[in-house]
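Participant: Just query_24.txt, nothing more (compact mmCIF, C-alpha atoms):
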# COMPACT_ATOMS: atom_id res chain seq x y z
CA GLU A 4 -247.45 191.38 88.61
CA ALA A 5 -244.54 189.05 89.33
CA GLN A 6 -242.68 190.37 92.31
CA VAL A 7 -240.86 189.88 95.56
CA THR A 8 -242.22 191.92 98.45
CA GLN A 9 -240.55 192.75 101.73
CA ASN A 10 -241.93 194.29 104.88
CA PRO A 11 -241.21 196.54 106.55
CA ARG A 12 -239.25 198.74 104.15
CA TYR A 13 -237.73 200.75 106.97
CA LEU A 14 -237.27 199.77 110.59
CA ILE A 15 -235.56 201.41 113.53
CA THR A 16 -235.31 199.26 116.63
CA VAL A 17 -233.28 198.84 119.78
CA THR A 18 -230.71 196.26 120.76
CA GLY A 19 -232.24 192.96 121.85
CA LYS A 20 -235.78 193.49 120.61
CA LYS A 21 -236.74 190.55 118.42
CA LEU A 22 -237.89 191.39 114.93
CA THR A 23 -239.01 189.66 111.76
CA VAL A 24 -238.64 190.88 108.21
CA THR A 25 -241.10 189.20 105.89
CA CYS A 26 -240.44 188.18 102.30
CA SER A 27 -242.99 186.85 99.86
CA GLN A 28 -242.83 185.95 96.16
CA ASN A 29 -245.68 185.20 93.78
CA MET A 30 -243.70 183.45 91.05
CA ASN A 31 -243.77 179.90 92.46
CA HIS A 32 -240.00 179.99 92.79
CA GLU A 33 -238.16 177.13 94.45
CA TYR A 34 -235.13 179.08 95.63
CA MET A 35 -235.16 182.03 98.03
CA SER A 36 -232.37 183.83 99.84
CA TRP A 37 -231.49 186.76 102.05
CA TYR A 38 -228.64 189.18 101.53
CA ARG A 39 -227.30 192.10 103.46
CA GLN A 40 -225.58 195.01 101.78
CA ASP A 41 -223.05 197.16 103.58
CA PRO A 42 -220.83 199.96 102.21
CA GLY A 43 -217.50 198.60 101.07
CA LEU A 44 -218.56 194.98 101.61
CA GLY A 45 -221.04 194.50 98.79
CA LEU A 46 -223.83 191.94 99.01
CA ARG A 47 -223.33 189.02 101.31
CA GLN A 48 -225.67 186.08 101.53
CA ILE A 49 -227.16 185.35 104.94
CA TYR A 50 -229.29 182.24 104.34
CA TYR A 51 -230.83 180.47 101.40
CA SER A 52 -233.57 177.94 100.87
CA MET A 53 -233.74 175.37 98.11
CA ASN A 54 -237.36 174.54 98.81
CA VAL A 55 -239.94 174.23 101.58
CA GLU A 56 -238.33 173.10 104.83
CA VAL A 57 -234.86 173.16 103.23
CA THR A 58 -232.60 175.99 104.38
CA ASP A 59 -228.87 176.45 104.64
CA LYS A 60 -226.35 179.00 105.83
CA GLY A 61 -224.85 181.58 103.53
CA ASP A 62 -221.70 183.57 104.25
CA VAL A 63 -222.90 185.60 107.25
CA PRO A 64 -225.59 183.62 109.13
CA GLU A 65 -224.61 184.55 112.69
CA GLY A 66 -227.40 186.32 114.55
CA TYR A 67 -230.10 185.40 112.03
CA LYS A 68 -232.72 182.71 111.68
CA VAL A 69 -234.97 181.77 108.79
CA SER A 70 -237.82 179.42 108.12
CA ARG A 71 -239.50 178.17 104.96
CA LYS A 72 -242.84 176.69 105.89
CA GLU A 73 -244.53 177.75 102.66
CA LYS A 74 -243.07 178.03 99.21
CA ARG A 75 -243.90 181.70 98.80
CA ASN A 76 -242.64 183.01 102.16
CA PHE A 77 -239.16 183.22 103.62
CA PRO A 78 -239.04 185.40 106.74
CA LEU A 79 -235.79 186.60 108.28
CA ILE A 80 -235.72 186.61 112.07
CA LEU A 81 -233.37 188.55 114.29
CA GLU A 82 -233.83 187.09 117.76
CA SER A 83 -231.65 189.65 119.54
CA PRO A 84 -230.60 192.40 117.14
CA SER A 85 -227.32 194.22 117.70
CA PRO A 86 -226.00 197.45 116.17
CA ASN A 87 -223.70 195.53 113.81
CA GLN A 88 -226.83 194.21 112.10
CA THR A 89 -227.70 197.69 110.94
CA SER A 90 -227.78 197.21 107.20
CA LEU A 91 -229.82 197.12 104.01
CA TYR A 92 -231.44 193.71 103.58
CA PHE A 93 -232.64 192.13 100.37
CA CYS A 94 -234.72 189.06 99.77
CA ALA A 95 -234.37 187.32 96.41
CA SER A 96 -235.94 184.38 94.64
CA SER A 97 -235.31 182.31 91.55
CA LEU A 98 -236.99 179.47 89.76
CA ARG A 99 -234.07 177.09 90.27
CA THR A 100 -230.93 177.07 92.34
CA GLY A 101 -229.37 180.42 93.09
CA GLY A 102 -226.25 180.03 91.03
CA ALA A 103 -227.95 178.88 87.88
CA ASP A 104 -230.83 181.24 87.41
CA THR A 105 -231.94 184.85 87.34
CA GLN A 106 -232.48 186.28 90.79
CA TYR A 107 -235.49 188.52 91.43
CA PHE A 108 -234.88 190.95 94.24
CA GLY A 109 -237.24 192.61 96.64
CA PRO A 110 -237.09 196.38 97.20
CA GLY A 111 -235.01 196.12 100.35
CA THR A 112 -235.46 196.70 104.07
CA ARG A 113 -233.32 199.33 105.72
CA LEU A 114 -232.75 198.28 109.32
CA THR A 115 -231.22 200.44 112.02
CA VAL A 116 -230.44 198.90 115.40
CA LEU A 117 -229.74 201.44 118.13
CA SER B 16 -216.91 184.44 100.27
CA GLN B 17 -216.61 186.55 97.16
CA GLN B 18 -215.94 185.16 93.75
CA GLY B 19 -216.14 188.12 91.39
CA GLU B 20 -214.56 191.54 91.49
CA GLU B 21 -215.55 194.49 89.33
CA ASP B 22 -213.23 197.06 87.88
CA PRO B 23 -213.20 200.04 88.00
CA GLN B 24 -214.87 200.77 91.32
CA ALA B 25 -216.27 204.00 89.91
CA LEU B 26 -216.71 205.38 86.41
CA SER B 27 -217.92 208.81 85.34
CA ILE B 28 -218.78 209.57 81.71
CA GLN B 29 -220.82 211.96 79.61
CA GLU B 30 -224.17 211.10 78.13
CA GLY B 31 -223.78 209.45 74.75
CA GLU B 32 -220.42 207.86 75.55
CA ASN B 33 -219.89 204.14 76.00
CA ALA B 34 -219.23 202.62 79.42
CA THR B 35 -217.19 199.47 79.96
CA MET B 36 -217.01 197.57 83.22
CA ASN B 37 -215.00 194.46 83.88
CA CYS B 38 -215.39 191.51 86.19
CA SER B 39 -212.73 188.99 87.16
CA TYR B 40 -213.47 185.80 89.02
CA LYS B 41 -211.44 183.08 90.67
CA THR B 42 -212.82 179.62 89.93
CA SER B 43 -214.44 177.95 86.96
CA ILE B 44 -218.08 178.83 86.44
CA ASN B 45 -220.92 177.67 84.23
CA ASN B 46 -222.53 181.10 83.97
CA LEU B 47 -222.05 184.72 84.92
CA GLN B 48 -224.72 187.33 85.53
CA TRP B 49 -224.81 191.11 85.55
CA TYR B 50 -227.17 193.16 87.72
CA ARG B 51 -227.94 196.86 88.09
CA GLN B 52 -228.85 198.65 91.28
CA ASN B 53 -230.23 202.15 91.41
CA SER B 54 -229.31 203.88 94.64
CA GLY B 55 -230.68 202.00 97.63
CA ARG B 56 -233.05 199.89 95.57
CA GLY B 57 -233.26 196.21 94.76
CA LEU B 58 -230.98 194.69 92.16
CA VAL B 59 -232.34 194.15 88.68
CA HIS B 60 -231.09 191.35 86.47
CA LEU B 61 -229.55 192.51 83.19
CA ILE B 62 -228.10 189.50 81.45
CA LEU B 63 -226.88 185.95 82.02
CA ILE B 64 -224.09 184.52 79.89
CA ARG B 65 -223.21 180.83 79.98
CA SER B 66 -219.71 179.42 79.90
CA ASN B 67 -220.13 178.17 76.32
CA GLU B 68 -221.05 181.67 75.12
CA ARG B 69 -218.48 184.32 74.27
CA GLU B 70 -220.74 187.29 73.71
CA LYS B 71 -224.33 188.24 74.35
CA HIS B 72 -226.39 191.31 73.52
CA SER B 73 -229.48 192.87 75.04
CA GLY B 74 -230.51 196.24 73.69
CA ARG B 75 -227.64 198.65 74.40
CA LEU B 76 -225.84 196.08 76.53
CA ARG B 77 -223.09 193.81 75.34
CA VAL B 78 -221.53 191.23 77.62
CA THR B 79 -218.46 189.18 76.84
CA LEU B 80 -217.05 186.22 78.69
CA ASP B 81 -213.51 184.90 78.46
CA THR B 82 -213.30 181.72 80.48
CA SER B 83 -209.57 181.31 79.80
CA LYS B 84 -208.91 184.63 81.51
CA LYS B 85 -211.73 184.22 84.01
CA SER B 86 -213.12 187.60 83.11
CA SER B 87 -216.21 189.27 81.74
CA SER B 88 -217.02 192.74 80.50
CA LEU B 89 -220.23 194.74 80.33
CA LEU B 90 -220.45 197.43 77.68
CA ILE B 91 -223.26 199.99 77.73
CA THR B 92 -223.41 201.88 74.46
CA ALA B 93 -224.75 205.41 73.99
CA SER B 94 -225.20 205.87 77.72
CA ARG B 95 -228.00 207.93 79.21
CA ALA B 96 -228.36 209.71 82.53
CA ALA B 97 -230.85 206.99 83.51
CA ASP B 98 -228.02 204.42 83.30
CA THR B 99 -226.49 205.97 86.42
CA ALA B 100 -226.39 203.06 88.88
CA SER B 101 -224.15 200.45 90.43
CA TYR B 102 -223.42 197.39 88.31
CA PHE B 103 -222.59 194.03 89.80
CA CYS B 104 -221.34 190.80 88.36
CA ALA B 105 -222.52 187.61 90.02
CA THR B 106 -221.12 184.11 89.77
CA PRO B 107 -222.18 180.77 91.20
CA LEU B 108 -220.08 179.27 93.93
CA GLY B 109 -219.53 175.61 94.46
CA SER B 110 -222.44 173.44 93.43
CA ASN B 111 -224.58 176.28 92.05
CA TYR B 112 -226.50 176.61 95.29
CA LYS B 113 -225.12 180.05 95.93
CA LEU B 114 -224.71 183.18 93.87
CA THR B 115 -221.96 185.55 94.97
CA PHE B 116 -221.73 189.20 94.03
CA GLY B 117 -218.81 191.51 93.54
CA LYS B 118 -218.69 194.92 95.21
CA GLY B 119 -219.86 196.67 92.09
CA THR B 120 -218.93 199.48 89.75
CA LEU B 121 -220.63 202.82 90.38
CA LEU B 122 -221.42 204.36 87.00
CA THR B 123 -222.30 208.04 86.80
CA VAL B 124 -223.56 209.36 83.49
CA ASN B 125 -223.49 213.13 83.35
CA PRO B 126 -226.11 214.90 81.21
How would this structure read if it were set down as C-alpha cells?

Facilitator:
Amino acid sequence: EAQVTQNPRYLITVTGKKLTVTCSQNMNHEYMSWYRQDPGLGLRQIYYSMNVEVTDKGDVPEGYKVSRKEKRNFPLILESPSPNQTSLYFCASSLRTGGADTQYFGPGTRLTVL
Amino acid sequence: SQQGEEDPQALSIQEGENATMNCSYKTSINNLQWYRQNSGRGLVHLILIRSNEREKHSGRLRVTLDTSKKSSSLLITASRAADTASYFCATPLGSNYKLTFGKGTLLTVNP
C-alpha cells in the first residue's frame, strides 16, 4: 500500500532532550517535507527536500534539523526541544516539487514538550 | 508565509445540503489544490486545478478557479455527516518548491 509513515505517533518529552521523528515513504517520491500544525496558525512548513542530500528551509526552521540520506526517509530532528515546539507534526511527500504535485501526508506525530 | 485564505472559517449545515467554501490567494499561481483533514489526522488530497482550468469535478466535489479574481471555490453537493472535516486550499509559492496552506474551513454536517 502506498503510504507515508511517521513514528512515533505520540511523544511526550522534556525540555532539552534530543529527539527524532522518523518519516518514510514507499512511493519513490522525490520531494518530502515537514509541517507543523498549530491552532489558529494552520500548517506551516518547517523544511523540505527536493531529493537525496538536497534540503532547504521552509517558513519555520528554527530549532529543527533534517537529513535526506536515502530517498525514502526524511527524519526530523529536534536537538534541544522547547515547549514552543509542542505541536502536531506532519510529513508529506510528492512525486515532483511540492508546489506542482499532490502531497501525500503521514498520519501525524503529536509532540508535547514539558 | 501564507498565500491562501479560506472563507468562512467555520460552516455548519444539515445533511443533504450543499457546502461552499472559498479560497483567496495573493500572487499568480499555476495550480491550486484542495485538501481535507479529519480531526487530528493527516491531510488527504481532494483535487488539483490548474490555472488554465476554470472548473473541475470529482464525484460530489466541484472546484472552480478564477485567476482574474485570485479565488477558488469548493462545492460539496448533497453533504453527508462523513464530510465533517477541515478543508484547506493550498497554493505554490515562488518557484513551485513550496506549497502553502490556508488556515482552513471547518465544515460540520449535522445528521

Participant: Skip A:Leu91 itself and residues of its chain fewer than 6 positions away, then list as a short mmCIF file (atom, residue, chain, number, x, y, z; two decimals) with C-alpha atoms, in the frame of the given file all residues within 12 Å of it, counting only C-alpha atoms.

Facilitator:
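That gives us selection_23.cif:
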data_model
loop_
_atom_site.label_atom_id
_atom_site.label_comp_id
_atom_site.auth_asym_id
_atom_site.auth_seq_id
_atom_site.Cartn_x
_atom_site.Cartn_y
_atom_site.Cartn_z
CA GLN A 9 -240.55 192.75 101.73
CA PRO A 11 -241.21 196.54 106.55
CA ARG A 12 -239.25 198.74 104.15
CA TYR A 13 -237.73 200.75 106.97
CA LEU A 14 -237.27 199.77 110.59
CA ILE A 15 -235.56 201.41 113.53
CA VAL A 24 -238.64 190.88 108.21
CA TRP A 37 -231.49 186.76 102.05
CA TYR A 38 -228.64 189.18 101.53
CA ARG A 39 -227.30 192.10 103.46
CA GLN A 40 -225.58 195.01 101.78
CA ASP A 41 -223.05 197.16 103.58
CA PRO A 42 -220.83 199.96 102.21
CA LEU A 44 -218.56 194.98 101.61
CA GLY A 45 -221.04 194.50 98.79
CA LEU A 46 -223.83 191.94 99.01
CA ARG A 47 -223.33 189.02 101.31
CA GLY A 109 -237.24 192.61 96.64
CA PRO A 110 -237.09 196.38 97.20
CA GLY A 111 -235.01 196.12 100.35
CA THR A 112 -235.46 196.70 104.07
CA ARG A 113 -233.32 199.33 105.72
CA LEU A 114 -232.75 198.28 109.32
CA THR A 115 -231.22 200.44 112.02
CA VAL A 116 -230.44 198.90 115.40
CA SER B 54 -229.31 203.88 94.64
CA GLY B 55 -230.68 202.00 97.63
CA ARG B 56 -233.05 199.89 95.57
CA GLY B 57 -233.26 196.21 94.76
#

Participant: List the spatial neighbours of B:Lys113 as an MDAnalysis selection string - criterion: any atom at most 8 Å away, all atoms listed in the file, same-chain residues fewer than 4 positions off excluded.

Facilitator: (chainID A and resid 51 61 100:102) or (chainID B and resid 107:109)

Participant: Taking all atoms listed in the file into account and nothing else, which residues of chain B lie no more than 10 Å away from chain A? Please answer as a ChimeraX atom specification.

Facilitator: /B:16-17,44-50,55-63,65,103,105-119

Participant: Enclose stretch 60-68 of chain A, meaning all of its atoms listed in the file, in a box aligned along x, y and z, pad it by 8 Å on each side, and list the centre and edge lengths in Å to one decimal, as JSON.

Facilitator:
{"center_x": -227.2, "center_y": 182.7, "center_z": 109.0, "size_x": 27.0, "size_y": 23.3, "size_z": 27.0}

Participant: Just want the 6 Å neighbourhood of B:Arg77, counted on only C-alpha atoms, with same-chain residues fewer than 3 positions away dropped. Output as a PyMOL selection string.

Facilitator: chain B and resi 71-72+89-90

Participant: Can you measure atom CA of A:Gln88 to atom CA of A:Val69 for me? One decimal in Å is fine.

Facilitator: 15.2 Å

Participant: Might you pull out every residue within 10 Å of B:Ser39, with all atoms listed in the file counted and same-chain residues fewer than 5 positions away left off, and present them as a list in words?

Facilitator: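 Near neighbours after the sequence-gap exclusion: Gln18, Gly19, Glu20, Glu21, Asp22, Leu80, Asp81, Thr82, Lys84, Lys85, Ser86, Ser87, Ser88, Cys104 and Gly117 of chain B.
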
Participant: What's the separation between atom CA of B:Ala100 and atom CA of A:Thr8, in Å to one decimal place?

Facilitator: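 Computed distance, atom CA of B:Ala100 to atom CA of A:Thr8, equals 21.6 Å.
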
Participant: Between B:Ala96, B:Val124, B:Ile64, B:Ile91, which residue has the minimum interatomic distance to B:Met36, considering only C-alpha atoms?

Facilitator: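 Among the listed residues, the smallest separation from B:Met36 belongs to B:Ile91.
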
Participant: Rounded to one decimal in Å, what is the spacing between atom CA of B:Asn67 and atom CA of B:Thr42?

Facilitator: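 Between atom CA of B:Asn67 and atom CA of B:Thr42 the gap is 15.5 Å.
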
Participant: Could you check which of B:Asn125, B:Ser43, B:Thr79, B:Gln52 is closest to B:Gly31, using all atoms listed in the file?

Facilitator: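 Distance minimum relative to B:Gly31 lands on B:Asn125.
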
Participant: May I ask which of the residues A:Lys72, A:Ile49, A:Ser90, A:Pro84 is the closest one to A:Gly19, counting all atoms listed in the file?

Facilitator: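 So, comparing all the options, the nearest one is A:Pro84.
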
Participant: Hey, which of A:Thr23, A:Gln28, A:Thr89, A:Val17 ends up closest to A:Glu4? Count all atoms listed in the file.

Facilitator: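 Closest candidate: A:Gln28.
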